[in-house]
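Asker: The structure under discussion is supplied below as structure tokens; questions concerning it will follow.
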Amino acid sequence: MPLANPPAPQITRTRSAVTASNVWRAYGSGEAQVVALRDVSVQFASGAFTAIMGPSGSGKSTLMHCLAGLDTTDRGTVHIGDTALTGLGDKALTKLRRDKIGFIFQQFNLLPTLTAEENILLPASIAGVKADPEWVARIIATLDLSERLTHKPTELSGGQQQRVACARALATRPEVVFADEPTGNLDTRSSGEVLRFLRRSVDDFGQTIVMVTHDPGAAAYADRVVFLADGQIVEDLHRPTADSVIDTMRGFENRVPLAGEAR
Amino acid sequence: MLRATLKGMASRKARLVLTSLAVVLGTMFVAAAMILTATMEKSVSGVIADAFTGVDAVVTAAEDPAAAQGNTPSATLIPADVLETVRGVDGVESADGDVSGQVNAIGDDGKLVGTFAPTIGFNWNEQSTGFNEIREGRGPEADDEVIVSTLFVTESGLDIGDTVTAYSYTADRADYEIVGVFGLSGDRDSLAGETQMGFTTTTAQHLLAQGENAYMTIYVEGDASTDAIADAIGSDYRVQTGEEASEEAAQGFAAVADIMGYIFLGFGLVAVFVSVFLIINTFTIIVAQRQRELALLRAIGAGRNQVVGSVLAEAAVIGVIASILGLGLGVLLGWGLSQLVSSSVMGGLAVRLEVPPTALWALAVGIGVTVLSAIVPAVKASGVPPVAAMREAVNPPKPLRGITIAGLAVTAVGGVLVALGLTDNLGDLGLSGFLSGVGIAFVGITLLTPILSRPLVAFLGAVMSWSFSGRLGKLNAGRNPRRTAITASALMIAVALVTGIATLVSSFKQTTEELTDSNLESDLIVMGQQGANIPTFAPETLAEIKALPDVAAVGDLYGEFFGAQVDGESTPLFASEDLPTSLDIFSGTVAEGSVDDLADDGLVVNESAAEDRGVALGDTVPVTFADGTTVQLTVAAILDDALLTDGWWVAPAQIEHFTVPKPMQAYIQVADGADVDAVQEEVDTILADEPEVDVTNNAQFVEQQTAQLDTLLASVQILLALAIIIAIIGVVNTLVLSVLERTRELGLLRAIGMTRGQARRMITVESVIICLFGAVLGIAVGIGLGWTVQQALEEEGLTSFALPWSYIVGYLVAAVVVGLLAAIAPAARAAKLNVLNAIAYE
Ligand SMILES: Nc1ncnc2c1ncn2[C@@H]1O[C@H](COP(=O)(O)OP(=O)(O)O)[C@@H](O)[C@H]1O
Ligand SMILES: [Mg+2]
């Protein structure tokens with residue numbers, strides 16, 4: 001079910017926050033080999049909200065993991081800003097994720113032992129630095145989490161948990177935020193809240209966001225939608241609407257059952 | 001259902017191994033204890049039986065068999081003509097007379113050979129060579145020759161060709177030439193740590209039979225019946241078959257093995273006790289992890305009983321496999337321990353492995369404990385609602401009220417039993433009451449650990465929260481109080497036991513120290529190490545010490561412990577050359593009468609002893625000495641009760657009737673302004689020719705008095721070492737399972753930037769906190785235990801209470817080390833975690 005269309009974005013950026021060039025990634029070997037990404041090249045502009053779409057198994061998560069330094073590429077290069085990920089060791093990659101990347105996963109975003117506030121400050125704590133308190137306060141206010149700061153994750157609803165995850169992802173002002181189906185487990189209302197916040201963080205704070213989603217409605221919040229199929233980019237849609245996304249999906253892949261994918 | 005269980009188990013091999021380890025260890029120690037006892041018993045009786053091979057009958061004097069061993073100078077003897085009579089009995093092929101008993105030999109350091117185990121002298125004859133094997137040289141042929149055992153050579157520093165000085169209670173020093181060295185059959189040095197000297201029969205009789213031509217035992221070969229021998233020699237003697245005598249002798253030695261067996265059984269039971277917690281813990285975690293699977297089973301129609309059955313079946317399979325493995329390892333351990341006991345305390349006895357049928361109990365214990373421990377988690381598993389299959393597993397912390405109340409009640413019951421056991425209210429059952437009380441109290445305290453874990457873990461964690469990963473570790477440790485508590489309990493119980501014992505030992509030390517400080521007015525003490533015999537020195541030596549210019553006063557002590565009787569009742573007697581001075585030095589005071597110029601027939605006794613026997617000042621009391629003399633003594637003074645002067649004192653004139661008419665101890669007061677160390681050196685020089693005694697200052701004296709306790713304390717640490725192994729396994733178990741359980745969390749943390757090092761540190765801190773928690777609790781409980789026992793023993797003279805600080809610090813350090821060790825594998829696992837797999841949704 002499509003969500004209300006977001007305001008039309010202005011695309012004026014030139015610098016790219018994330019760049020993938022000729023990225024290949026295969027799993028397994030021999031007969032059982034699955035090529036998850038085949039020669040993917042894509043750039044994500046700084047200060048833009050990009051959605052990645054595609055059928056299940058098309059390589060969306062793999063692409064995101066490769067871009068975020070969670071997975072390694074077989075061939076090709078990935079840059080976050082000016083930093084090349086290829087060839088970096090675990091330590092350097094960890095540090096890069098900690099300092100330059102924010103994550104929002106579909107679920108299990110929060111540590112159950114920590115309060116919402118501690119979860120928000122988690123990346124800073126791990127880095128042993130102090131997060132900018134004004135900035136954090138602003139995010140918390142925007143996400144309407146002030147009342148929930150001392151709560152443990154189990155005391156929060158799914159939507160609230162995802163909002164805490166959003167705050168956590170943005171708290172260190174990362175160069176890019178990667179979100180893998182952040183609304184996959186949420187009801188429509190909570191999804192809307194999360195997506196509106198992501199949109200705002202791009203518009204108001206100039207945040208760069210790359211989001212994997214199944215939901216054309218969610219994709220419509222983005223400035224641009226990249227379509228993956230069989231590990232290749234098959235379509236690149238700017239200023240999407242829910243309808244244009246659905247049309248595009250219909251256009252390039254008949255075998256994708258539309259509603260079946262959205263959970 | 002069973003198929004599903006087995007398949008499930010096969011897919012969880014790591015978990016299976018971890019759970020099994022606890023069971024394996026418990027079973028292993030119980031089995032090892034039983035095998036140790038049986039093996040040592042068999043080995044000892046085997047050796048003794050060997051010694052009696054070819055002996056068809058044994059004749060001893062009819063008296064107490066202990067006396068017949070010749071350990072006291074008053075051993076009853078068999079005159080030589082009885083031996084001749086035995087030889088004349090029909091069917092007797094040969095008969096040998098044996099003389100043996102304790103002798104003193106001076107080693108190359110001028111001191112006695114073998115202070116802790118006695119030196120046995122005996123007559124070397126045909127019979128001796130059956131069991132003893134000459135390794136070098138020959139047996140004694142002249143009366144000034146001796147053949148010594150291999151252990152004697154090691155202990156004395158003397159060897160073939162050397163001359164050794166030997167003497168006994170009744171024979172003066174004489175020199176003997178070592179002409180041979182013998183060992184025991186089976187390549188052993190000794191039977192139970194004793195050193196041996198074989199003399200000619202004449203010399204042995206001179207040393208041990210007051211020079212009489214007599215024997216202690218007659219060994220007979222031939223098919224004459226014991227009755228026939230008995231008829232020939234009369235009822236003054238006891239005639240046994242070789243087997244009877246062999247069994248009787250074996251019993252004495254087997255007692256040592258029994259004690260070792262009990263100690264290890266104790267260790268085993270502690271291990272089993274601790275394993276129970278580990279098993280409960282593991283199954284609880286397994287059930288938590290299988291929650292979805294179990295819920296799915298329930299959802300597709302499995303009944304509650306089937307779920308319980310599935311968990312119990314898993315437990316039973318683990319129990320059977322682990323117990324069999326434990327039994328097997330127990331046999332190995334029992335064999336190894338037997339070797340160790342044999343070489344360390346039994347003089348290298350040949351070990352004959354014996355697996356008694358009772359060892360199968362270890363199997364039953366292992367299987368039973370596993371299945372019983374799994375019941376609670378199994379019932380919990382059956383409570384998993386089918387809907388849990390559709391939901392994410394949330395495990396809300398369970399309230400601790402019930403377990404806490406139960407813990408308080410059980411602890412109280414244990415405490416009452418301990419108190420009753422210590423205060424004689426249970427009579428003969430006192431010790432078992434006390435021990436079971438301690439056991440029950442441990443269960444109670446274990447039930448209380450979850451509630452105690454909250455503040456303690458928070459406190460210990462606070463110490464370690466300086467890094468963020470440390471803080472996360474602390475939070476994880478406090479996350480599941482029950483699990484943390486149960487995991488820590490293994491260490492808690494062991495540390496409590498050793499701390500309790502250490503507390504008692506340090507209290508005893510302090511008591512001894514205070515006693516020395518407040519009751520002994522001397523600066524130097526001359527006395528020997530308390531061995532199997534009572535060390536003495538020459539009266540002339542005492543005179544020499546008294547004559548030293550810097551010595552102000554000397555208190556001296558003579559003693560008679562061999563069957564002197566006061567008014568017909570066996571009583572130790574004391575004497576001093578200068579009783580007034582000795583009383584001053586021992587802080588003794590006279591209540592009635594006077595000890596000055598004590599008459600030759602004077603008797604002095606303390607108040608309560610006098611009261612016990614109904615003796616008053618001026619009464620005349622018959623006193624019989626071991627040499628048979630009876631004298632009528634008159635009570636010349638009554639002493640106030642005092643720790644060091646209680647007892648019966650006779651005048652110096654009576655010393656000649658003592659079995660050993662030599663001083664045992666001298667307490668030296670150094671003149672004002674004189675250098676104590678210098679006087680000690682002078683006394684030491686005087687003592688150069690006194691093999692049995694040394695001079696010590698007060699501090700060294702306390703040291704010596706408590707040295708044996710230190711040895712005991714050190715050996716008790718084995719228990720700790722054992723528990724540490726189990727504790728490490730327990731902590732590893734819990735941590736590995738926790739790491740598995742928190743895979744997603746770890747994945748998340750690693751994804752958002754936690755380094756491998758930080759992940760490792762987080763797990764390590766959790767581990768160290770759990771171990772420290774166990775140690776702190778154990779130390780507290782141990783101190784409580786030690787204090788309770790000390791209070792109970794206050795009346796018996798354990799007046800001071802002192803904490804064993806060095807041990808306490810040691811245990812805390814050990815806990816940290818255990819924590820670090822236990823964390824290695826789980827931390828590595830956490831660090832190596834594949835982030836991608838961890839955050840994958842399916
Ligand atoms: N760790 C892996 N091992 C083997 N195959 C994998 C692994 N991760 C992904 N794949 C395969 O790669 C392809 C792309 O997967 P993924 O990126 O998760 O797709 P999407 O997120 O678009 O559903 C799929 O065929 C999937 O089975
Ligand atoms: Mg995916």
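Chain identifiers are assigned as A, B, and so on, following the order in which chains appear in the structure tokens; residues are numbered from 1 within each chain, and ligands are numbered from 1 in order of appearance.
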Excluding Phe49 of chain A and its own-chain neighbours fewer than 6 positions away, which residues fall within 7 Å of it when counting only C-alpha atoms? Please give them as a list in words.

Answerer: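 Contacts, in chain order: Val202, Thr208, Ile209, Val210, Ala222, Asp223 and Arg224 of chain A.
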
Asker: Check every residue of chain A for an atom within 9 Å of chain B, counting only C-alpha atoms, and provide those that qualify as a count of residues only.

Answerer: 34

Asker: Hey, what does DSSP flag as alpha helix (DSSP H) within segment 42-212 of chain A? Can you give it to me as a PyMOL selection string?

Answerer: chain A and resi 60-67+90-100+116-120+122-127+133-142+158-171+188-205

Asker: Counting only C-alpha atoms, figure out which residue out of A:Arg25, A:Arg15, A:Arg75, A:Arg189 gets nearest to Glu175 of chain A.

Answerer: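 When distances to Glu175 of chain A are compared using only C-alpha atoms, the smallest one comes from A:Arg15.
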
Asker: Can you pull out every residue within 12 Å of Asp231 of chain B, counting only C-alpha atoms, but drop anything in the same chain fewer than 6 positions away, and send it as a PyMOL selection string?

Answerer: chain B and resi 82+85-86+89-90+224-225+237-239

Asker: Taking only C-alpha atoms and all ligand atoms and a cut-off of 10 Å, can you tell me which residues surround ligand 2, written as an NGL selection string?

Answerer: (:A and (53-65 or 106 or 180-181 or 212-214)) or (:B and (840-841))

Asker: Those residues you just picked out, can you put them in a file as a PDB file, in the first residue's frame with N, CA and C atoms?

Answerer:
```
ATOM      1  N   MET A  53      16.218  -1.500  -4.700  1.00  0.00           N
ATOM      2  CA  MET A  53      15.099  -2.432  -4.782  1.00  0.00           C
ATOM      3  C   MET A  53      15.445  -3.603  -5.671  1.00  0.00           C
ATOM      4  N   GLY A  54      14.636  -4.621  -5.594  1.00  0.00           N
ATOM      5  CA  GLY A  54      14.865  -5.766  -6.441  1.00  0.00           C
ATOM      6  C   GLY A  54      14.247  -6.984  -5.803  1.00  0.00           C
ATOM      7  N   PRO A  55      14.041  -8.017  -6.580  1.00  0.00           N
ATOM      8  CA  PRO A  55      13.428  -9.220  -6.026  1.00  0.00           C
ATOM      9  C   PRO A  55      14.336  -9.884  -5.006  1.00  0.00           C
ATOM     10  N   SER A  56      13.725 -10.783  -4.233  1.00  0.00           N
ATOM     11  CA  SER A  56      14.473 -11.504  -3.217  1.00  0.00           C
ATOM     12  C   SER A  56      15.605 -12.274  -3.882  1.00  0.00           C
ATOM     13  N   GLY A  57      16.798 -12.210  -3.315  1.00  0.00           N
ATOM     14  CA  GLY A  57      17.939 -12.924  -3.874  1.00  0.00           C
ATOM     15  C   GLY A  57      18.627 -12.187  -4.997  1.00  0.00           C
ATOM     16  N   SER A  58      18.217 -10.950  -5.248  1.00  0.00           N
ATOM     17  CA  SER A  58      18.809 -10.226  -6.359  1.00  0.00           C
ATOM     18  C   SER A  58      20.156  -9.606  -5.998  1.00  0.00           C
ATOM     19  N   GLY A  59      20.518  -9.641  -4.715  1.00  0.00           N
ATOM     20  CA  GLY A  59      21.829  -9.121  -4.324  1.00  0.00           C
ATOM     21  C   GLY A  59      21.789  -7.797  -3.598  1.00  0.00           C
ATOM     22  N   LYS A  60      20.619  -7.374  -3.153  1.00  0.00           N
ATOM     23  CA  LYS A  60      20.500  -6.068  -2.485  1.00  0.00           C
ATOM     24  C   LYS A  60      21.340  -6.028  -1.209  1.00  0.00           C
ATOM     25  N   SER A  61      21.105  -7.033  -0.358  1.00  0.00           N
ATOM     26  CA  SER A  61      21.840  -7.047   0.910  1.00  0.00           C
ATOM     27  C   SER A  61      23.331  -7.200   0.659  1.00  0.00           C
ATOM     28  N   THR A  62      23.673  -8.056  -0.295  1.00  0.00           N
ATOM     29  CA  THR A  62      25.086  -8.252  -0.592  1.00  0.00           C
ATOM     30  C   THR A  62      25.724  -6.941  -1.022  1.00  0.00           C
ATOM     31  N   LEU A  63      25.042  -6.206  -1.884  1.00  0.00           N
ATOM     32  CA  LEU A  63      25.575  -4.929  -2.338  1.00  0.00           C
ATOM     33  C   LEU A  63      25.777  -4.000  -1.147  1.00  0.00           C
ATOM     34  N   MET A  64      24.738  -3.931  -0.306  1.00  0.00           N
ATOM     35  CA  MET A  64      24.831  -3.049   0.846  1.00  0.00           C
ATOM     36  C   MET A  64      25.997  -3.455   1.751  1.00  0.00           C
ATOM     37  N   HIS A  65      26.131  -4.774   1.975  1.00  0.00           N
ATOM     38  CA  HIS A  65      27.206  -5.251   2.853  1.00  0.00           C
ATOM     39  C   HIS A  65      28.568  -4.925   2.268  1.00  0.00           C
ATOM     40  N   GLN A 106      16.927  -4.508   9.916  1.00  0.00           N
ATOM     41  CA  GLN A 106      15.494  -4.789   9.974  1.00  0.00           C
ATOM     42  C   GLN A 106      15.039  -5.076  11.404  1.00  0.00           C
ATOM     43  N   ASP A 180      18.982  -1.588   5.988  1.00  0.00           N
ATOM     44  CA  ASP A 180      18.526  -2.784   5.269  1.00  0.00           C
ATOM     45  C   ASP A 180      17.109  -3.116   5.705  1.00  0.00           C
ATOM     46  N   GLU A 181      16.154  -2.755   4.864  1.00  0.00           N
ATOM     47  CA  GLU A 181      14.737  -2.944   5.165  1.00  0.00           C
ATOM     48  C   GLU A 181      14.386  -2.470   6.569  1.00  0.00           C
ATOM     49  N   VAL A 212      17.837  -0.323   1.581  1.00  0.00           N
ATOM     50  CA  VAL A 212      17.312  -1.463   0.845  1.00  0.00           C
ATOM     51  C   VAL A 212      15.857  -1.634   1.245  1.00  0.00           C
ATOM     52  N   THR A 213      14.989  -1.833   0.294  1.00  0.00           N
ATOM     53  CA  THR A 213      13.581  -2.029   0.648  1.00  0.00           C
ATOM     54  C   THR A 213      12.862  -2.861  -0.401  1.00  0.00           C
ATOM     55  N   HIS A 214      11.772  -3.462   0.019  1.00  0.00           N
ATOM     56  CA  HIS A 214      10.892  -4.187  -0.891  1.00  0.00           C
ATOM     57  C   HIS A 214       9.673  -3.351  -1.255  1.00  0.00           C
TER      58      HIS A 214
ATOM     59  N   ALA B 840      22.487 -11.869   9.765  1.00  0.00           N
ATOM     60  CA  ALA B 840      21.519 -12.403   8.805  1.00  0.00           C
ATOM     61  C   ALA B 840      20.219 -12.679   9.530  1.00  0.00           C
ATOM     62  N   TYR B 841      19.138 -12.432   8.861  1.00  0.00           N
ATOM     63  CA  TYR B 841      17.854 -12.495   9.566  1.00  0.00           C
ATOM     64  C   TYR B 841      17.387 -13.908   9.810  1.00  0.00           C
TER      65      TYR B 841
END
```

Asker: Write out as an MDAnalysis selection string each polymer residue whose atoms come within 10 Å of Ile233 of chain A, counting only C-alpha atoms; drop sequence neighbours fewer than 3 positions from it.

Answerer: chainID A and resid 37:42 52:54 58:60 226:230 236

Asker: Give the answer as one residue: which of B:Asn697, B:Leu709, B:Val181, B:Ser45 has the shortest atom-to-atom distance to Arg352 of chain B, using only C-alpha atoms?

Answerer: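 Distance minimum relative to Arg352 of chain B lands on B:Ser45.
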
Asker: Applying 10 Å and only C-alpha atoms, which residues near Leu821 of chain B remain after dropping the ones on its own chain fewer than 3 positions away? List them as a ChimeraX atom specification.

Answerer: /B:728,731-732,764,767-768,815-818,824-826

Asker: For the residues in the current selection, export N, CA, C and O atoms as an mmCIF file, in the first residue's frame.

Answerer:
```
data_model
loop_
_atom_site.group_PDB
_atom_site.id
_atom_site.type_symbol
_atom_site.label_atom_id
_atom_site.label_comp_id
_atom_site.auth_asym_id
_atom_site.auth_seq_id
_atom_site.Cartn_x
_atom_site.Cartn_y
_atom_site.Cartn_z
ATOM 1 N N ILE B 728 36.523 -23.668 35.634
ATOM 2 C CA ILE B 728 36.894 -23.175 34.303
ATOM 3 C C ILE B 728 35.935 -23.758 33.265
ATOM 4 O O ILE B 728 35.397 -23.043 32.424
ATOM 5 N N VAL B 731 32.610 -22.060 33.579
ATOM 6 C CA VAL B 731 32.580 -20.697 33.063
ATOM 7 C C VAL B 731 32.678 -20.714 31.532
ATOM 8 O O VAL B 731 31.945 -19.994 30.853
ATOM 9 N N VAL B 732 33.562 -21.570 31.011
ATOM 10 C CA VAL B 732 33.688 -21.687 29.553
ATOM 11 C C VAL B 732 32.332 -22.073 28.967
ATOM 12 O O VAL B 732 31.841 -21.462 28.012
ATOM 13 N N THR B 764 35.867 -11.297 28.334
ATOM 14 C CA THR B 764 36.825 -11.555 29.412
ATOM 15 C C THR B 764 36.357 -10.919 30.719
ATOM 16 O O THR B 764 36.423 -11.528 31.783
ATOM 17 N N SER B 767 33.700 -12.916 32.250
ATOM 18 C CA SER B 767 34.266 -14.123 32.838
ATOM 19 C C SER B 767 34.930 -13.822 34.184
ATOM 20 O O SER B 767 34.714 -14.510 35.181
ATOM 21 N N VAL B 768 35.748 -12.770 34.198
ATOM 22 C CA VAL B 768 36.461 -12.429 35.438
ATOM 23 C C VAL B 768 35.468 -12.055 36.538
ATOM 24 O O VAL B 768 35.627 -12.435 37.700
ATOM 25 N N ALA B 815 41.186 -16.327 41.190
ATOM 26 C CA ALA B 815 39.891 -16.144 40.533
ATOM 27 C C ALA B 815 40.053 -15.331 39.251
ATOM 28 O O ALA B 815 39.461 -15.644 38.221
ATOM 29 N N VAL B 816 40.865 -14.284 39.337
ATOM 30 C CA VAL B 816 41.082 -13.457 38.148
ATOM 31 C C VAL B 816 41.747 -14.300 37.053
ATOM 32 O O VAL B 816 41.338 -14.268 35.893
ATOM 33 N N VAL B 817 42.752 -15.075 37.471
ATOM 34 C CA VAL B 817 43.456 -15.918 36.492
ATOM 35 C C VAL B 817 42.481 -16.921 35.867
ATOM 36 O O VAL B 817 42.459 -17.111 34.647
ATOM 37 N N VAL B 818 41.667 -17.551 36.708
ATOM 38 C CA VAL B 818 40.679 -18.498 36.196
ATOM 39 C C VAL B 818 39.768 -17.798 35.201
ATOM 40 O O VAL B 818 39.473 -18.315 34.120
ATOM 41 N N ILE B 824 39.392 -17.355 27.396
ATOM 42 C CA ILE B 824 40.189 -17.414 26.164
ATOM 43 C C ILE B 824 39.385 -17.935 24.975
ATOM 44 O O ILE B 824 39.218 -17.239 23.968
ATOM 45 N N ALA B 825 38.833 -19.157 25.130
ATOM 46 C CA ALA B 825 38.123 -19.756 24.007
ATOM 47 C C ALA B 825 36.849 -18.991 23.646
ATOM 48 O O ALA B 825 36.647 -18.630 22.482
ATOM 49 N N PRO B 826 35.976 -18.711 24.625
ATOM 50 C CA PRO B 826 34.757 -17.988 24.270
ATOM 51 C C PRO B 826 35.052 -16.610 23.672
ATOM 52 O O PRO B 826 34.371 -16.177 22.742
#
```

Asker: Please return, as a PyMOL selection string, all residues of segment 47-249 of chain A that DSSP assigns to strand (DSSP E or B) on the basis of the backbone.

Answerer: chain A and resi 49-53+75-80+83-84+101-104+176-180+209-212+224-229+232-238

Asker: Env of Ser146 of chain A: 12 Å cut, atoms = only C-alpha atoms, seq-sep filter 4 positions within chain, self excluded. Answer as JSON, numbers by chain.

Answerer: {"A": [116, 117, 120, 136, 137, 138, 139, 140, 141, 142, 150, 151, 160, 163, 164, 167]}

Asker: Which one of B:Val331, B:Asp143, B:Leu557, B:Val716 sits closest to Thr499 of chain B if you count only C-alpha atoms?

Answerer: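 With only C-alpha atoms as the atom set, the closest residue is B:Val716.
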